[in-house]
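Quick notes on the structure that follows.
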Amino acid sequence: MGFILSCTTKNKIFLTKDNYITMKYSILIKQLFIVAKSRWVLQLVQGKLFSFASFEVVSNLKKMVPELTTIIDVGANSGQFTKVAAHLYPQAQIHTFEPLPDLYPIIKKKFGSNPNIKTYNIALGNEDGTILFNKNKFGHTSSVLEISQDNIHFTRKDNELEQIRVQIKKLDSLALPVDKTNLSLLKLDVQGYELEVLKGADETIKAIGYIIIEANLEELYSSQPSFNTMNNYLQDKGFELMGMLDFNLGNKNKYIEVDLLYRKISPQNE
C-alpha cells in the first residue's frame with residue numbers, strides 16, 4: 001500500500017465524495033510527516049524517486065532489521081516496495097510476485113536488468129492451479145476476496161470490478177532458495193488473503209526470520225481473517241510482533257490498515 005509522489009490514485013482509494021476534502025489534507029499531512037522525518041528528500045535530490053509509503057515502510061524496516069539476504073515481495077503492485085528494498089538492501093535476493101496482467105509488465109520492465117530480482121506473474125495462496133481474481137478500478141484494492149458490503153472506505157459501487165482468472169501457487173511449491181540464517185523476509189500485501197498465503201508457505205516460513213503483513217482493522221473484504229486470527233496464527237508459527245511500519249487512513253480518518261513487522265523467536269509448533 002502506498003502513496004506515490006506524482007499522482008493521487010492511492011489517495012482516492014479510501015475516499016468518498018462526502019469526505020474527499022478532509023481526507024486529502026489528512027493524507028497531505030502524513031506525506032509531509034514522512035518527508036520531514038525520513039531521508040526521502042535526500043534520495044530525491046540524488047535522483048531517486050520512491051513511493052512515499054514504501055520508502056516509509058522499508059526505511060523503518062531497515063532501522064529494525066539492518067541486514068536481509070532474501071526478500072519475498074507478495075502483492076507487489078507496480079513494484080514500489082521492491083524498488084526501495086533493492087536500494088536499501090542492495091545485496092539481497094528479491095522475489096517479486098504480482099498476478100495482475102496489466103501491472104506485471106511494469107515490474108518486468110522495471111527490474112528485468114537487475115540480476116538480484118526475479119519476478120513472477122502469479123498469485124500466491126494455499127492451492128496450485130487457477131483462481132478467480134477481483135480486479136478493481138484501483139489496483140491497490142484488487143484481491144482474490146471481494147470487497148465487503150460493510151466497507152465504507154472503498155465501496156463496491158466506487159470500483160469498476162472485473163473478475164479475471166489468474167495462476168495461483170503455494171509458495172512451498174516454488175521451493176525458492178531462502179537463506180536459512182533467519183535473514184529472510186516475507187512481505188505480504190494481498191488485501192485480506194494473507195492467511196491463505198501463509199498456509200501455502202508452511203515449509204518456507206521455517207526458514208523465514210521476518211514477516212510483514214498488512215493487517216486490516218475493519219472488515220474491508222468478505223471472509224478476511226481478523227487481526228486476532230492473523231496474530232494467533234503467526235504466534236503459533238513462532239513469530240512475535242516487533243513493531244508497526246506504516247498505516248492507512250480511511251473514511252473519517254479511521255485507521256483501517258497497518259503494516260506490521262513480525263520476527264521469529266522460536267521454531268514453529270508442530
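By convention here, the chains of the C-alpha cells are called A, B, ... in the order presented, each chain's residues are numbered starting at 1, and ligands are numbered starting at 1 in the order presented.
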*Might you pull out every residue within 7 Å of Ile168 in chain A, with only C-alpha atoms counted and same-chain residues fewer than 2 positions away left off, and present them as a list in words?*
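Close residues of Ile168 in chain A: Ile122, Ala123, Leu124, Gly125, Glu127, Asp128, Gly129, Thr130, Ile131 and Val166 of chain A.
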*Selection near Ile265 in chain A, 10 Å with only C-alpha atoms, sequence-local residues under 6 positions removed, as a PyMOL selection string*: chain A and resi 209-210+235+237-241
Those residues with C-alpha atoms, as a compact mmCIF listing (two decimals), in the first residue's frame please?
```
# COMPACT_ATOMS: atom_id res chain seq x y z
CA GLY A 209 13.15 -14.70 10.02
CA TYR A 210 10.76 -11.79 9.46
CA GLN A 235 2.45 -16.74 17.15
CA LYS A 237 4.41 -20.44 13.96
CA GLY A 238 6.97 -18.97 16.35
CA PHE A 239 6.72 -15.26 15.45
CA GLU A 240 6.12 -12.23 17.68
CA LEU A 241 5.01 -8.72 16.80
```
*Compare A:Thr119, A:Thr70, A:Asn216, A:Asn126 by their minimum atom-to-atom distance to Asp202 in chain A, counting only C-alpha atoms, and give me the closest one.*
A:Asn126
*Taking only C-alpha atoms into account, which of A:Lys135, A:Ile72, A:Ala86, A:Glu203 comes nearest Asp102 in chain A?*
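Of all the options, A:Lys135 lies closest to Asp102 in chain A.
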*Using DSSP on the backbone coordinates, identify all residues within range 71-199 of chain A classified as strand (DSSP E or B); present the result as a VMD selection string.*
chain A and resid 71 to 74 93 to 97 117 to 120 123 to 125 129 to 135 143 147 162 to 170 184 to 188
*What is the CA of Lys187 in chain A to CA of Ile213 in chain A distance in Å?*
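These atoms are spaced 6.3 Å apart.
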*Find, counting only C-alpha atoms, the residue in A:Gly192, A:Ile94, A:Ser266, A:Met244 that gets nearest to Ile205 in chain A.*
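Among A:Gly192, A:Ile94, A:Ser266, A:Met244, it is A:Ser266 that comes nearest to Ile205 in chain A.
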Could you name the residues that touch Tyr104 in chain A at 10 Å or less, counting only C-alpha atoms, but leaving out those on the same chain fewer than 2 positions away, as a tab-separated table (two decimals) with N, CA, C and O atoms, in the first residue's frame?
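Produced file out.tsv, reproduced below:
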```tsv
chain	number	residue	atom	x	y	z
A	76	ALA	N	2.98	-7.18	-5.19
A	76	ALA	CA	3.96	-6.12	-5.47
A	76	ALA	C	3.37	-4.89	-6.11
A	76	ALA	O	4.02	-3.84	-6.16
A	77	ASN	N	2.14	-4.99	-6.66
A	77	ASN	CA	1.54	-3.89	-7.40
A	77	ASN	C	2.48	-3.49	-8.55
A	77	ASN	O	2.79	-4.33	-9.39
A	78	SER	N	2.97	-2.28	-8.59
A	78	SER	CA	3.90	-1.89	-9.66
A	78	SER	C	5.35	-1.89	-9.19
A	78	SER	O	6.21	-1.28	-9.82
A	79	GLY	N	5.62	-2.55	-8.07
A	79	GLY	CA	6.99	-2.74	-7.63
A	79	GLY	C	7.52	-1.68	-6.68
A	79	GLY	O	8.74	-1.55	-6.51
A	96	THR	N	9.68	-11.22	-6.49
A	96	THR	CA	8.57	-10.27	-6.55
A	96	THR	C	7.38	-10.87	-7.27
A	96	THR	O	7.49	-11.28	-8.43
A	97	PHE	N	6.22	-10.89	-6.59
A	97	PHE	CA	5.02	-11.55	-7.12
A	97	PHE	C	3.90	-10.53	-7.36
A	97	PHE	O	3.55	-9.75	-6.46
A	98	GLU	N	3.31	-10.56	-8.56
A	98	GLU	CA	2.16	-9.72	-8.89
A	98	GLU	C	1.31	-10.43	-9.94
A	98	GLU	O	1.77	-10.69	-11.05
A	99	PRO	N	0.04	-10.76	-9.62
A	99	PRO	CA	-0.79	-11.52	-10.55
A	99	PRO	C	-1.48	-10.71	-11.65
A	99	PRO	O	-1.87	-11.28	-12.67
A	100	LEU	N	-1.67	-9.40	-11.45
A	100	LEU	CA	-2.44	-8.62	-12.41
A	100	LEU	C	-1.68	-8.48	-13.73
A	100	LEU	O	-0.54	-8.02	-13.75
A	101	PRO	N	-2.31	-8.83	-14.85
A	101	PRO	CA	-1.62	-8.82	-16.14
A	101	PRO	C	-1.26	-7.43	-16.64
A	101	PRO	O	-0.35	-7.30	-17.47
A	102	ASP	N	-1.93	-6.38	-16.14
A	102	ASP	CA	-1.58	-5.04	-16.59
A	102	ASP	C	-0.46	-4.43	-15.75
A	102	ASP	O	0.22	-3.49	-16.20
A	106	ILE	N	4.97	-3.84	-16.05
A	106	ILE	CA	5.66	-2.69	-15.46
A	106	ILE	C	6.80	-3.19	-14.57
A	106	ILE	O	7.92	-2.67	-14.61
A	107	ILE	N	6.49	-4.21	-13.77
A	107	ILE	CA	7.50	-4.79	-12.88
A	107	ILE	C	8.62	-5.43	-13.70
A	107	ILE	O	9.81	-5.25	-13.41
A	108	LYS	N	8.24	-6.18	-14.70
A	108	LYS	CA	9.23	-6.87	-15.53
A	108	LYS	C	10.18	-5.88	-16.18
A	108	LYS	O	11.40	-6.09	-16.20
A	109	LYS	N	9.64	-4.79	-16.69
A	109	LYS	CA	10.47	-3.77	-17.34
A	109	LYS	C	11.35	-3.06	-16.32
A	109	LYS	O	12.52	-2.77	-16.58
A	110	LYS	N	10.79	-2.78	-15.15
A	110	LYS	CA	11.50	-2.01	-14.13
A	110	LYS	C	12.69	-2.78	-13.56
A	110	LYS	O	13.75	-2.19	-13.28
A	119	THR	N	11.05	-11.91	-10.99
A	119	THR	CA	9.64	-11.54	-10.95
A	119	THR	C	8.76	-12.71	-11.38
A	119	THR	O	9.16	-13.55	-12.19
A	120	TYR	N	7.52	-12.72	-10.83
A	120	TYR	CA	6.58	-13.82	-11.08
A	120	TYR	C	5.19	-13.24	-11.32
A	120	TYR	O	4.67	-12.50	-10.50
A	121	ASN	N	4.57	-13.63	-12.42
A	121	ASN	CA	3.22	-13.15	-12.75
A	121	ASN	C	2.18	-14.16	-12.27
A	121	ASN	O	1.41	-14.71	-13.05
A	122	ILE	N	2.16	-14.40	-10.96
A	122	ILE	CA	1.22	-15.35	-10.37
A	122	ILE	C	0.75	-14.82	-9.01
A	122	ILE	O	1.40	-13.97	-8.40
```
*Counting only C-alpha atoms, the option among A:Arg165, A:Ser59, A:Asp179, A:Ser54 closest to Gln93 in chain A*: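 Closest to Gln93 in chain A, using only C-alpha atoms: A:Asp179.
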*So how far away is CA of Asn116 in chain A from CA of Ser51 in chain A, in Å?*
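A separation of 20.4 Å between them.
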*Residue nearest Leu183 in chain A - candidates A:Ala215, A:Glu67, A:Val58, A:Asn114, atoms counted: only C-alpha atoms*: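 Closest residue, counting only C-alpha atoms: A:Glu67.
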Counting only C-alpha atoms, what is within 10 Å of Leu174 in chain A, bar same-chain residues fewer than 3 positions away, as an mmCIF file with N, CA, C and O atoms, in the first residue's frame?
```cif
data_model
loop_
_atom_site.group_PDB
_atom_site.id
_atom_site.type_symbol
_atom_site.label_atom_id
_atom_site.label_comp_id
_atom_site.auth_asym_id
_atom_site.auth_seq_id
_atom_site.Cartn_x
_atom_site.Cartn_y
_atom_site.Cartn_z
ATOM 1 N N LYS A 169 -0.282 -20.326 -6.963
ATOM 2 C CA LYS A 169 0.572 -21.407 -6.468
ATOM 3 C C LYS A 169 0.806 -21.236 -4.984
ATOM 4 O O LYS A 169 0.705 -20.139 -4.436
ATOM 5 N N LYS A 170 1.133 -22.352 -4.332
ATOM 6 C CA LYS A 170 1.635 -22.297 -2.971
ATOM 7 C C LYS A 170 3.092 -21.837 -3.032
ATOM 8 O O LYS A 170 3.846 -22.245 -3.930
ATOM 9 N N LEU A 171 3.482 -21.027 -2.084
ATOM 10 C CA LEU A 171 4.890 -20.627 -2.028
ATOM 11 C C LEU A 171 5.776 -21.852 -1.839
ATOM 12 O O LEU A 171 6.873 -21.936 -2.412
ATOM 13 N N PRO A 177 14.985 -20.544 -3.171
ATOM 14 C CA PRO A 177 16.211 -20.633 -2.352
ATOM 15 C C PRO A 177 16.200 -19.548 -1.277
ATOM 16 O O PRO A 177 16.431 -18.377 -1.555
ATOM 17 N N ALA A 201 2.620 -21.611 2.653
ATOM 18 C CA ALA A 201 4.060 -21.377 2.815
ATOM 19 C C ALA A 201 4.573 -22.002 4.103
ATOM 20 O O ALA A 201 5.564 -21.550 4.675
ATOM 21 N N THR A 204 8.167 -23.060 3.861
ATOM 22 C CA THR A 204 9.044 -21.926 3.556
ATOM 23 C C THR A 204 9.303 -21.061 4.780
ATOM 24 O O THR A 204 10.440 -20.634 5.019
#
```
